[in-house]
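Enquirer: This is the structure I want to talk about, given as structure tokens.
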Amino acid sequence: MDGMHDLGGREGFGAIRNKDDGEPFHADWEARSFGIIQSSAGAKGWSIDWFRHCRELIEPVDYLSRPYFDQWMTTGAAQMIDEGYLTLDEIRDGASNFDPRPGRPAATVDESRASVANPRSFAMQVAAPPRFATGDFVRCALSGHTGHTRLPGYVRGRRGVVHARHGGHVFPDASARGERRGEHLYTIGFAAADLWPEAKSSRDRVFLDLWESYLEPA
Amino acid sequence: MPSYDSHKLSHIHHELHAVLPSEPALRTKALESLLTEKGLLNAAAIDAWIEMYRDEIGPKRGACVVARAWTDPAFKQRLLADATAAIGEFGFAGHATGHLEAVENTLGVHNLVVCTLCSCYPFSLLGMSPAWYKSNEYRARAVRDPRGVLKEFGVELDDKTEVRVWDSTSERRYLVLPQRPDGVDDWEEAALARLVTRNAMIGTERDLSPKQKGV
């Protein structure tokens with residue numbers, strides 16, 4: 001989707017603040033939000049792609065202005081409302097008016113610790129051979145689509161080179177719709193000069209991981 | 001089950017904006033107490049996640065890996081070939097490091113990592129991402145004005161050095177392998193690890209020499 005979240009290359013943003021700050025959390029509520037959302041992440045039908053999409057759908061002004069972990073918490077609540085475990089009326093009243101049956105089981109301590117220690121693979125077998133080889137020139141699609149996608153606006157229609165191939169990976173655009181299928185994933189290198197008018201004489205490059213259906217031969 | 005319906009979620013967010021308190025701390029508190037009342041949370045699991053990322057997992061892990069790569073050429077080769085397997089030797093592979101790639105800084109190359117679309121980060125190796133990494137400013141500017149961003153972080157690069165920006169758009173994650181500083185030839189691995197900073201492993205710091213850091 002052409003959302004507010006697609007920030008790469010947007011102009012008008014100022015200096016980066018608190019560059020030496022490495023504190024994981026800055027308030028108790030931030031830590032609570034993180035723990036709540038991480039431990040509720042395994043519900044049936046949940047995927048990281050659907051979660052990212054639900055965050056992208058936060059009102060644009062809130063997306064830009066509300067704190068990071070606050071956006072997680074709001075996104076988690078929106079998902080629970082969507083799934084019928086929670087209602088807007090309950091939030092309005094500040095009180096529960098029904099017990100969801102069956103519940104939406106949160107992860108246990110053991111499951112949480114196991115999940116942090118598990119280098120989960122997103123690799124997926126794809127029957128078709130990869131369409132592109134390392135060194136091929138490709139051009140990114142000019143348009144995205146209204147759902148979730150990992151093709152940022154700043155590379156749409158731009159030409160790049162296949163830097164590396166990674167085999168099949170879960171395709172996020174489908175995963176965010178509840179369909180699990182793989183697609184070939186590539187790292188594509190773009191010359192900064194091909195992306196930004198002010199970088200005409202630059203030798204710098206930008207690399208993105210992009211799925212095959214985002215790309216055409218160029 | 002989720003609806004997977006973008007319009008429905010937009011509508012819910014719109015309504016949530018209206019019904020939730022205007023202060024972030026109060027919003028979280030209101031939601032947490034309601035979810036607790038409805039039996040949708042596991043308090044012990046929430047505490048476990050907080051403990052892991054507040055007390056247990058942080059950039060010291062990545063620093064150990066970098067120091068090993070500086071002192072053990074065979075390990076460095078393994079790290080550059082398959083970083084997930086290489087950090088697995090330390091027991092650090094896990095959350096968001098299932099497809100890790102190490103990108104090496106050299107005399108002529110400087111690497112910088114960003115996630116323009118959200119906040120992807122190699123959590124089990126570097127711990128919780130710093131707030132600036134998740135900021136709108138960094139996400140917007142790192143791909144377009146990396147040299148300006150680096151300058152704000154105190155990194156000045158000449159035109160002979162190529163900047164490579166890695167936008168984390170997939171489940172693959174990036175670790176910058178900084179250059180081993182000069183003047184530390186006889187240092188032990190543990191002492192070297194203390195020179196390695198979180199920002200250097202994201203790419204917003206370059207010179208890790210003890211003189212630079214006032215050690």
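Note on naming: chains are A, B, ... as they come in the structure tokens, residues start from 1 per chain, ligands start from 1 in the order shown.
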Please report as a PDB file with N, CA and C atoms, in the first residue's frame which residues of chain B come no farther than 6 Å from chain A, using only C-alpha atoms.

Expert:
```pdb
ATOM      1  N   MET B   1      -9.954 -15.958  13.877  1.00  0.00           N
ATOM      2  CA  MET B   1      -9.019 -15.761  12.754  1.00  0.00           C
ATOM      3  C   MET B   1      -9.027 -14.299  12.295  1.00  0.00           C
ATOM      4  N   PRO B   2      -7.891 -13.828  11.818  1.00  0.00           N
ATOM      5  CA  PRO B   2      -7.869 -12.457  11.272  1.00  0.00           C
ATOM      6  C   PRO B   2      -8.742 -12.365  10.019  1.00  0.00           C
ATOM      7  N   TYR B   4      -7.910 -10.327   7.534  1.00  0.00           N
ATOM      8  CA  TYR B   4      -6.984  -9.922   6.456  1.00  0.00           C
ATOM      9  C   TYR B   4      -7.616  -8.831   5.575  1.00  0.00           C
ATOM     10  N   SER B  10      -8.281  -0.403   8.934  1.00  0.00           N
ATOM     11  CA  SER B  10      -8.227   1.059   8.903  1.00  0.00           C
ATOM     12  C   SER B  10      -9.342   1.648   9.748  1.00  0.00           C
ATOM     13  N   HIS B  13      -8.638   1.207  13.465  1.00  0.00           N
ATOM     14  CA  HIS B  13      -7.658   2.188  13.949  1.00  0.00           C
ATOM     15  C   HIS B  13      -8.293   3.567  14.105  1.00  0.00           C
ATOM     16  N   VAL B  19     -11.480   6.415  20.802  1.00  0.00           N
ATOM     17  CA  VAL B  19     -11.899   5.897  22.123  1.00  0.00           C
ATOM     18  C   VAL B  19     -10.753   5.747  23.132  1.00  0.00           C
ATOM     19  N   PRO B  24       0.120   8.125  25.650  1.00  0.00           N
ATOM     20  CA  PRO B  24       0.562   6.751  25.375  1.00  0.00           C
ATOM     21  C   PRO B  24       0.561   5.852  26.611  1.00  0.00           C
ATOM     22  N   ALA B  25       1.052   6.350  27.728  1.00  0.00           N
ATOM     23  CA  ALA B  25       1.117   5.512  28.928  1.00  0.00           C
ATOM     24  C   ALA B  25      -0.291   5.094  29.364  1.00  0.00           C
ATOM     25  N   LEU B  40      -6.665 -12.585  28.294  1.00  0.00           N
ATOM     26  CA  LEU B  40      -5.960 -12.731  27.014  1.00  0.00           C
ATOM     27  C   LEU B  40      -4.444 -12.613  27.152  1.00  0.00           C
ATOM     28  N   LEU B  41      -3.951 -12.340  28.369  1.00  0.00           N
ATOM     29  CA  LEU B  41      -2.505 -12.154  28.543  1.00  0.00           C
ATOM     30  C   LEU B  41      -1.934 -13.199  29.497  1.00  0.00           C
ATOM     31  N   ASN B  42      -0.639 -13.426  29.355  1.00  0.00           N
ATOM     32  CA  ASN B  42       0.083 -14.281  30.285  1.00  0.00           C
ATOM     33  C   ASN B  42       1.166 -13.414  30.932  1.00  0.00           C
ATOM     34  N   ALA B  45       4.806 -14.562  30.858  1.00  0.00           N
ATOM     35  CA  ALA B  45       5.442 -14.515  29.536  1.00  0.00           C
ATOM     36  C   ALA B  45       5.813 -13.073  29.178  1.00  0.00           C
ATOM     37  N   ILE B  46       4.959 -12.133  29.539  1.00  0.00           N
ATOM     38  CA  ILE B  46       5.278 -10.715  29.291  1.00  0.00           C
ATOM     39  C   ILE B  46       6.565 -10.352  30.028  1.00  0.00           C
ATOM     40  N   TRP B  49       9.675 -11.778  28.257  1.00  0.00           N
ATOM     41  CA  TRP B  49      10.110 -11.000  27.083  1.00  0.00           C
ATOM     42  C   TRP B  49      10.846  -9.730  27.520  1.00  0.00           C
ATOM     43  N   ILE B  50      10.320  -9.075  28.547  1.00  0.00           N
ATOM     44  CA  ILE B  50      10.971  -7.844  29.019  1.00  0.00           C
ATOM     45  C   ILE B  50      12.355  -8.167  29.580  1.00  0.00           C
ATOM     46  N   ALA B  93      22.182 -17.325  17.676  1.00  0.00           N
ATOM     47  CA  ALA B  93      21.178 -17.346  16.604  1.00  0.00           C
ATOM     48  C   ALA B  93      19.792 -17.459  17.231  1.00  0.00           C
ATOM     49  N   GLY B  94      18.821 -16.783  16.681  1.00  0.00           N
ATOM     50  CA  GLY B  94      17.469 -16.829  17.242  1.00  0.00           C
ATOM     51  C   GLY B  94      16.566 -15.798  16.600  1.00  0.00           C
ATOM     52  N   HIS B  95      15.856 -15.054  17.455  1.00  0.00           N
ATOM     53  CA  HIS B  95      14.838 -14.079  17.063  1.00  0.00           C
ATOM     54  C   HIS B  95      15.375 -13.115  15.988  1.00  0.00           C
ATOM     55  N   THR B  97      17.227 -13.595  13.403  1.00  0.00           N
ATOM     56  CA  THR B  97      18.554 -13.808  12.821  1.00  0.00           C
ATOM     57  C   THR B  97      18.622 -15.133  12.054  1.00  0.00           C
ATOM     58  N   GLY B  98      17.486 -15.607  11.603  1.00  0.00           N
ATOM     59  CA  GLY B  98      17.442 -16.849  10.836  1.00  0.00           C
ATOM     60  C   GLY B  98      18.052 -16.725   9.446  1.00  0.00           C
ATOM     61  N   THR B 116      13.500   0.938   6.025  1.00  0.00           N
ATOM     62  CA  THR B 116      12.669   2.107   5.689  1.00  0.00           C
ATOM     63  C   THR B 116      11.183   1.833   5.892  1.00  0.00           C
ATOM     64  N   LEU B 117      10.762   0.553   5.806  1.00  0.00           N
ATOM     65  CA  LEU B 117       9.328   0.239   5.839  1.00  0.00           C
ATOM     66  C   LEU B 117       8.803  -0.035   7.244  1.00  0.00           C
ATOM     67  N   MET B 128      17.526  -5.120  21.703  1.00  0.00           N
ATOM     68  CA  MET B 128      16.500  -4.174  21.259  1.00  0.00           C
ATOM     69  C   MET B 128      17.151  -3.081  20.417  1.00  0.00           C
ATOM     70  N   PRO B 130      17.912   0.583  18.945  1.00  0.00           N
ATOM     71  CA  PRO B 130      17.857   1.900  19.585  1.00  0.00           C
ATOM     72  C   PRO B 130      16.708   2.738  19.006  1.00  0.00           C
ATOM     73  N   GLU B 137      12.997  10.033  11.078  1.00  0.00           N
ATOM     74  CA  GLU B 137      14.114  10.763  10.475  1.00  0.00           C
ATOM     75  C   GLU B 137      15.141   9.791   9.885  1.00  0.00           C
ATOM     76  N   ARG B 139      14.778   6.555   9.182  1.00  0.00           N
ATOM     77  CA  ARG B 139      14.184   5.711   8.137  1.00  0.00           C
ATOM     78  C   ARG B 139      14.036   6.471   6.818  1.00  0.00           C
ATOM     79  N   ALA B 140      13.686   7.724   6.895  1.00  0.00           N
ATOM     80  CA  ALA B 140      13.500   8.518   5.670  1.00  0.00           C
ATOM     81  C   ALA B 140      14.839   8.862   5.024  1.00  0.00           C
ATOM     82  N   ARG B 141      15.833   9.219   5.846  1.00  0.00           N
ATOM     83  CA  ARG B 141      17.049   9.837   5.310  1.00  0.00           C
ATOM     84  C   ARG B 141      18.174   8.864   4.983  1.00  0.00           C
ATOM     85  N   ARG B 144      18.626   8.037   1.339  1.00  0.00           N
ATOM     86  CA  ARG B 144      18.754   9.146   0.398  1.00  0.00           C
ATOM     87  C   ARG B 144      19.943  10.045   0.700  1.00  0.00           C
ATOM     88  N   GLU B 162      33.108   4.188  -0.828  1.00  0.00           N
ATOM     89  CA  GLU B 162      31.739   3.933  -1.288  1.00  0.00           C
ATOM     90  C   GLU B 162      30.842   3.627  -0.096  1.00  0.00           C
ATOM     91  N   VAL B 163      29.670   4.244  -0.065  1.00  0.00           N
ATOM     92  CA  VAL B 163      28.686   3.911   0.963  1.00  0.00           C
ATOM     93  C   VAL B 163      27.711   2.893   0.385  1.00  0.00           C
ATOM     94  N   ARG B 164      27.508   1.801   1.119  1.00  0.00           N
ATOM     95  CA  ARG B 164      26.498   0.808   0.748  1.00  0.00           C
ATOM     96  C   ARG B 164      25.425   0.796   1.827  1.00  0.00           C
ATOM     97  N   VAL B 165      24.218   1.160   1.421  1.00  0.00           N
ATOM     98  CA  VAL B 165      23.102   1.171   2.362  1.00  0.00           C
ATOM     99  C   VAL B 165      22.298  -0.107   2.156  1.00  0.00           C
ATOM    100  N   TRP B 166      21.980  -0.788   3.241  1.00  0.00           N
ATOM    101  CA  TRP B 166      21.208  -2.039   3.187  1.00  0.00           C
ATOM    102  C   TRP B 166      19.843  -1.784   3.799  1.00  0.00           C
ATOM    103  N   ASP B 167      18.802  -1.755   2.943  1.00  0.00           N
ATOM    104  CA  ASP B 167      17.434  -1.541   3.416  1.00  0.00           C
ATOM    105  C   ASP B 167      16.819  -2.912   3.700  1.00  0.00           C
ATOM    106  N   THR B 169      14.370  -5.040   3.757  1.00  0.00           N
ATOM    107  CA  THR B 169      12.985  -5.194   3.295  1.00  0.00           C
ATOM    108  C   THR B 169      12.453  -6.620   3.432  1.00  0.00           C
ATOM    109  N   SER B 170      13.339  -7.593   3.741  1.00  0.00           N
ATOM    110  CA  SER B 170      12.856  -8.983   3.867  1.00  0.00           C
ATOM    111  C   SER B 170      13.197  -9.511   5.257  1.00  0.00           C
TER     112      SER B 170
END
```

Enquirer: Looking only at the backbone, which of the residues in range 91-218 of chain A does DSSP tag as helix (DSSP H, G or I), as a ChimeraX atom specification?

Expert: /A:91-93,109-116,153-155,172-175,192-195,197-199,212-214

Enquirer: Selected residues, N, CA and C atoms, written as a PDB file, in the first residue's frame, please.

Expert:
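Produced file part-v8.pdb, reproduced below:
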```pdb
ATOM      1  N   ILE A  91     -13.560  -1.086  25.235  1.00  0.00           N
ATOM      2  CA  ILE A  91     -12.510  -0.085  25.456  1.00  0.00           C
ATOM      3  C   ILE A  91     -13.151   1.231  25.902  1.00  0.00           C
ATOM      4  N   ARG A  92     -14.243   1.580  25.268  1.00  0.00           N
ATOM      5  CA  ARG A  92     -14.967   2.807  25.623  1.00  0.00           C
ATOM      6  C   ARG A  92     -15.415   2.750  27.088  1.00  0.00           C
ATOM      7  N   ASP A  93     -15.922   1.586  27.506  1.00  0.00           N
ATOM      8  CA  ASP A  93     -16.433   1.450  28.880  1.00  0.00           C
ATOM      9  C   ASP A  93     -15.329   1.119  29.876  1.00  0.00           C
ATOM     10  N   VAL A 109       5.937 -18.815  29.191  1.00  0.00           N
ATOM     11  CA  VAL A 109       7.334 -18.409  29.389  1.00  0.00           C
ATOM     12  C   VAL A 109       8.264 -19.299  28.552  1.00  0.00           C
ATOM     13  N   ASP A 110       8.025 -20.619  28.614  1.00  0.00           N
ATOM     14  CA  ASP A 110       8.898 -21.536  27.874  1.00  0.00           C
ATOM     15  C   ASP A 110       8.813 -21.296  26.374  1.00  0.00           C
ATOM     16  N   GLU A 111       7.601 -21.086  25.888  1.00  0.00           N
ATOM     17  CA  GLU A 111       7.435 -20.824  24.444  1.00  0.00           C
ATOM     18  C   GLU A 111       8.117 -19.518  24.051  1.00  0.00           C
ATOM     19  N   SER A 112       8.017 -18.514  24.921  1.00  0.00           N
ATOM     20  CA  SER A 112       8.625 -17.222  24.612  1.00  0.00           C
ATOM     21  C   SER A 112      10.141 -17.354  24.537  1.00  0.00           C
ATOM     22  N   ARG A 113      10.705 -18.037  25.525  1.00  0.00           N
ATOM     23  CA  ARG A 113      12.176 -18.203  25.536  1.00  0.00           C
ATOM     24  C   ARG A 113      12.627 -19.062  24.352  1.00  0.00           C
ATOM     25  N   ALA A 114      11.853 -20.074  24.033  1.00  0.00           N
ATOM     26  CA  ALA A 114      12.216 -20.933  22.895  1.00  0.00           C
ATOM     27  C   ALA A 114      12.150 -20.135  21.597  1.00  0.00           C
ATOM     28  N   SER A 115      11.180 -19.242  21.491  1.00  0.00           N
ATOM     29  CA  SER A 115      11.030 -18.494  20.247  1.00  0.00           C
ATOM     30  C   SER A 115      12.190 -17.516  20.047  1.00  0.00           C
ATOM     31  N   VAL A 116      12.707 -16.942  21.134  1.00  0.00           N
ATOM     32  CA  VAL A 116      13.842 -16.019  21.013  1.00  0.00           C
ATOM     33  C   VAL A 116      15.126 -16.774  20.661  1.00  0.00           C
ATOM     34  N   GLY A 153       8.333   2.593  -2.276  1.00  0.00           N
ATOM     35  CA  GLY A 153       8.046   3.531  -3.357  1.00  0.00           C
ATOM     36  C   GLY A 153       9.300   4.045  -4.043  1.00  0.00           C
ATOM     37  N   TYR A 154      10.392   4.224  -3.289  1.00  0.00           N
ATOM     38  CA  TYR A 154      11.546   4.907  -3.878  1.00  0.00           C
ATOM     39  C   TYR A 154      12.295   4.079  -4.920  1.00  0.00           C
ATOM     40  N   VAL A 155      12.007   2.759  -5.011  1.00  0.00           N
ATOM     41  CA  VAL A 155      12.655   1.986  -6.081  1.00  0.00           C
ATOM     42  C   VAL A 155      11.684   1.606  -7.198  1.00  0.00           C
ATOM     43  N   PRO A 172       5.671 -11.988   1.361  1.00  0.00           N
ATOM     44  CA  PRO A 172       4.910 -11.237   2.364  1.00  0.00           C
ATOM     45  C   PRO A 172       3.572 -10.704   1.857  1.00  0.00           C
ATOM     46  N   ASP A 173       3.504 -10.361   0.586  1.00  0.00           N
ATOM     47  CA  ASP A 173       2.254  -9.803   0.054  1.00  0.00           C
ATOM     48  C   ASP A 173       1.114 -10.815   0.190  1.00  0.00           C
ATOM     49  N   ALA A 174       1.450 -12.117  -0.024  1.00  0.00           N
ATOM     50  CA  ALA A 174       0.449 -13.177   0.117  1.00  0.00           C
ATOM     51  C   ALA A 174       0.241 -13.534   1.586  1.00  0.00           C
ATOM     52  N   SER A 175       1.340 -13.594   2.335  1.00  0.00           N
ATOM     53  CA  SER A 175       1.260 -13.960   3.750  1.00  0.00           C
ATOM     54  C   SER A 175       0.362 -12.997   4.525  1.00  0.00           C
ATOM     55  N   ALA A 192      22.924   4.925  -6.292  1.00  0.00           N
ATOM     56  CA  ALA A 192      22.259   6.104  -5.715  1.00  0.00           C
ATOM     57  C   ALA A 192      21.946   7.110  -6.813  1.00  0.00           C
ATOM     58  N   ALA A 193      22.840   7.166  -7.821  1.00  0.00           N
ATOM     59  CA  ALA A 193      22.656   8.111  -8.935  1.00  0.00           C
ATOM     60  C   ALA A 193      21.386   7.813  -9.719  1.00  0.00           C
ATOM     61  N   ASP A 194      20.935   6.547  -9.703  1.00  0.00           N
ATOM     62  CA  ASP A 194      19.705   6.184 -10.421  1.00  0.00           C
ATOM     63  C   ASP A 194      18.452   6.399  -9.577  1.00  0.00           C
ATOM     64  N   LEU A 195      18.640   6.702  -8.296  1.00  0.00           N
ATOM     65  CA  LEU A 195      17.484   6.866  -7.411  1.00  0.00           C
ATOM     66  C   LEU A 195      17.183   8.325  -7.082  1.00  0.00           C
ATOM     67  N   PRO A 197      17.930  12.551  -7.666  1.00  0.00           N
ATOM     68  CA  PRO A 197      18.462  13.556  -8.587  1.00  0.00           C
ATOM     69  C   PRO A 197      19.707  14.259  -8.054  1.00  0.00           C
ATOM     70  N   GLU A 198      19.807  14.419  -6.747  1.00  0.00           N
ATOM     71  CA  GLU A 198      20.949  15.141  -6.179  1.00  0.00           C
ATOM     72  C   GLU A 198      22.185  14.249  -6.049  1.00  0.00           C
ATOM     73  N   ALA A 199      22.054  12.955  -6.428  1.00  0.00           N
ATOM     74  CA  ALA A 199      23.178  12.024  -6.259  1.00  0.00           C
ATOM     75  C   ALA A 199      23.801  11.654  -7.599  1.00  0.00           C
ATOM     76  N   GLU A 212      10.564 -11.871  -6.570  1.00  0.00           N
ATOM     77  CA  GLU A 212      10.621 -11.955  -8.032  1.00  0.00           C
ATOM     78  C   GLU A 212       9.477 -11.220  -8.727  1.00  0.00           C
ATOM     79  N   SER A 213       8.263 -11.287  -8.163  1.00  0.00           N
ATOM     80  CA  SER A 213       7.137 -10.659  -8.880  1.00  0.00           C
ATOM     81  C   SER A 213       7.196  -9.131  -8.828  1.00  0.00           C
ATOM     82  N   TYR A 214       8.120  -8.573  -8.038  1.00  0.00           N
ATOM     83  CA  TYR A 214       8.299  -7.115  -8.050  1.00  0.00           C
ATOM     84  C   TYR A 214       9.149  -6.670  -9.255  1.00  0.00           C
TER      85      TYR A 214
END
```

Enquirer: To one decimal place in Å, what is the distance between CA of Ala83 in chain B and CA of Gly154 in chain B?

Expert: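 Atom-to-atom, CA of Ala83 in chain B to CA of Gly154 in chain B, that is 28.0 Å.
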
Enquirer: Please compute the CA of Leu157 in chain B-CA of Gly203 in chain B distance, one decimal, in Å.

Expert: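 Value for the CA of Leu157 in chain B-CA of Gly203 in chain B distance: 12.4 Å.
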
Enquirer: What's the separation between CA of Val65 in chain B and CA of Ile202 in chain B, in Å to one decimal place?

Expert: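 Taking CA of Val65 in chain B as the start and CA of Ile202 in chain B as the end point, the length is 13.9 Å.
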
Enquirer: Near Thr106 in chain B, counting only C-alpha atoms, which residues have an atom at most 10 Å away, once you skip same-chain residues fewer than 2 positions from it, shown as a PyMOL selection string?

Expert: chain B and resi 103-104+108-111+161-162+177-180

Enquirer: Could the residues in this selection be written to a file with N, CA and C atoms, as a PDB file, in the first residue's frame?

Expert:
```pdb
ATOM      1  N   VAL B 103      28.060  -7.784   6.517  1.00  0.00           N
ATOM      2  CA  VAL B 103      28.633  -6.967   5.441  1.00  0.00           C
ATOM      3  C   VAL B 103      29.850  -6.246   6.016  1.00  0.00           C
ATOM      4  N   GLU B 104      30.964  -6.352   5.285  1.00  0.00           N
ATOM      5  CA  GLU B 104      32.258  -5.965   5.844  1.00  0.00           C
ATOM      6  C   GLU B 104      32.677  -4.560   5.429  1.00  0.00           C
ATOM      7  N   GLY B 108      37.821   1.029   1.506  1.00  0.00           N
ATOM      8  CA  GLY B 108      37.066   1.743   0.478  1.00  0.00           C
ATOM      9  C   GLY B 108      35.559   1.584   0.556  1.00  0.00           C
ATOM     10  N   VAL B 109      35.050   0.879   1.568  1.00  0.00           N
ATOM     11  CA  VAL B 109      33.606   0.618   1.651  1.00  0.00           C
ATOM     12  C   VAL B 109      33.100   0.862   3.066  1.00  0.00           C
ATOM     13  N   HIS B 110      31.989   1.588   3.157  1.00  0.00           N
ATOM     14  CA  HIS B 110      31.312   1.714   4.445  1.00  0.00           C
ATOM     15  C   HIS B 110      29.862   1.255   4.298  1.00  0.00           C
ATOM     16  N   ASN B 111      29.424   0.381   5.192  1.00  0.00           N
ATOM     17  CA  ASN B 111      28.064  -0.159   5.160  1.00  0.00           C
ATOM     18  C   ASN B 111      27.176   0.478   6.210  1.00  0.00           C
ATOM     19  N   THR B 161      35.561   6.611  -0.651  1.00  0.00           N
ATOM     20  CA  THR B 161      34.897   5.532   0.085  1.00  0.00           C
ATOM     21  C   THR B 161      33.457   5.392  -0.398  1.00  0.00           C
ATOM     22  N   GLU B 162      33.108   4.188  -0.828  1.00  0.00           N
ATOM     23  CA  GLU B 162      31.739   3.933  -1.288  1.00  0.00           C
ATOM     24  C   GLU B 162      30.842   3.627  -0.096  1.00  0.00           C
ATOM     25  N   LEU B 177      30.189  -5.586   9.803  1.00  0.00           N
ATOM     26  CA  LEU B 177      31.454  -6.017  10.405  1.00  0.00           C
ATOM     27  C   LEU B 177      32.435  -4.854  10.286  1.00  0.00           C
ATOM     28  N   PRO B 178      32.661  -4.124  11.389  1.00  0.00           N
ATOM     29  CA  PRO B 178      33.533  -2.949  11.309  1.00  0.00           C
ATOM     30  C   PRO B 178      34.980  -3.364  11.064  1.00  0.00           C
ATOM     31  N   GLN B 179      35.799  -2.383  10.646  1.00  0.00           N
ATOM     32  CA  GLN B 179      37.235  -2.648  10.465  1.00  0.00           C
ATOM     33  C   GLN B 179      37.902  -2.749  11.822  1.00  0.00           C
ATOM     34  N   ARG B 180      38.860  -3.664  11.914  1.00  0.00           N
ATOM     35  CA  ARG B 180      39.664  -3.738  13.132  1.00  0.00           C
ATOM     36  C   ARG B 180      40.544  -2.493  13.204  1.00  0.00           C
TER      37      ARG B 180
END
```
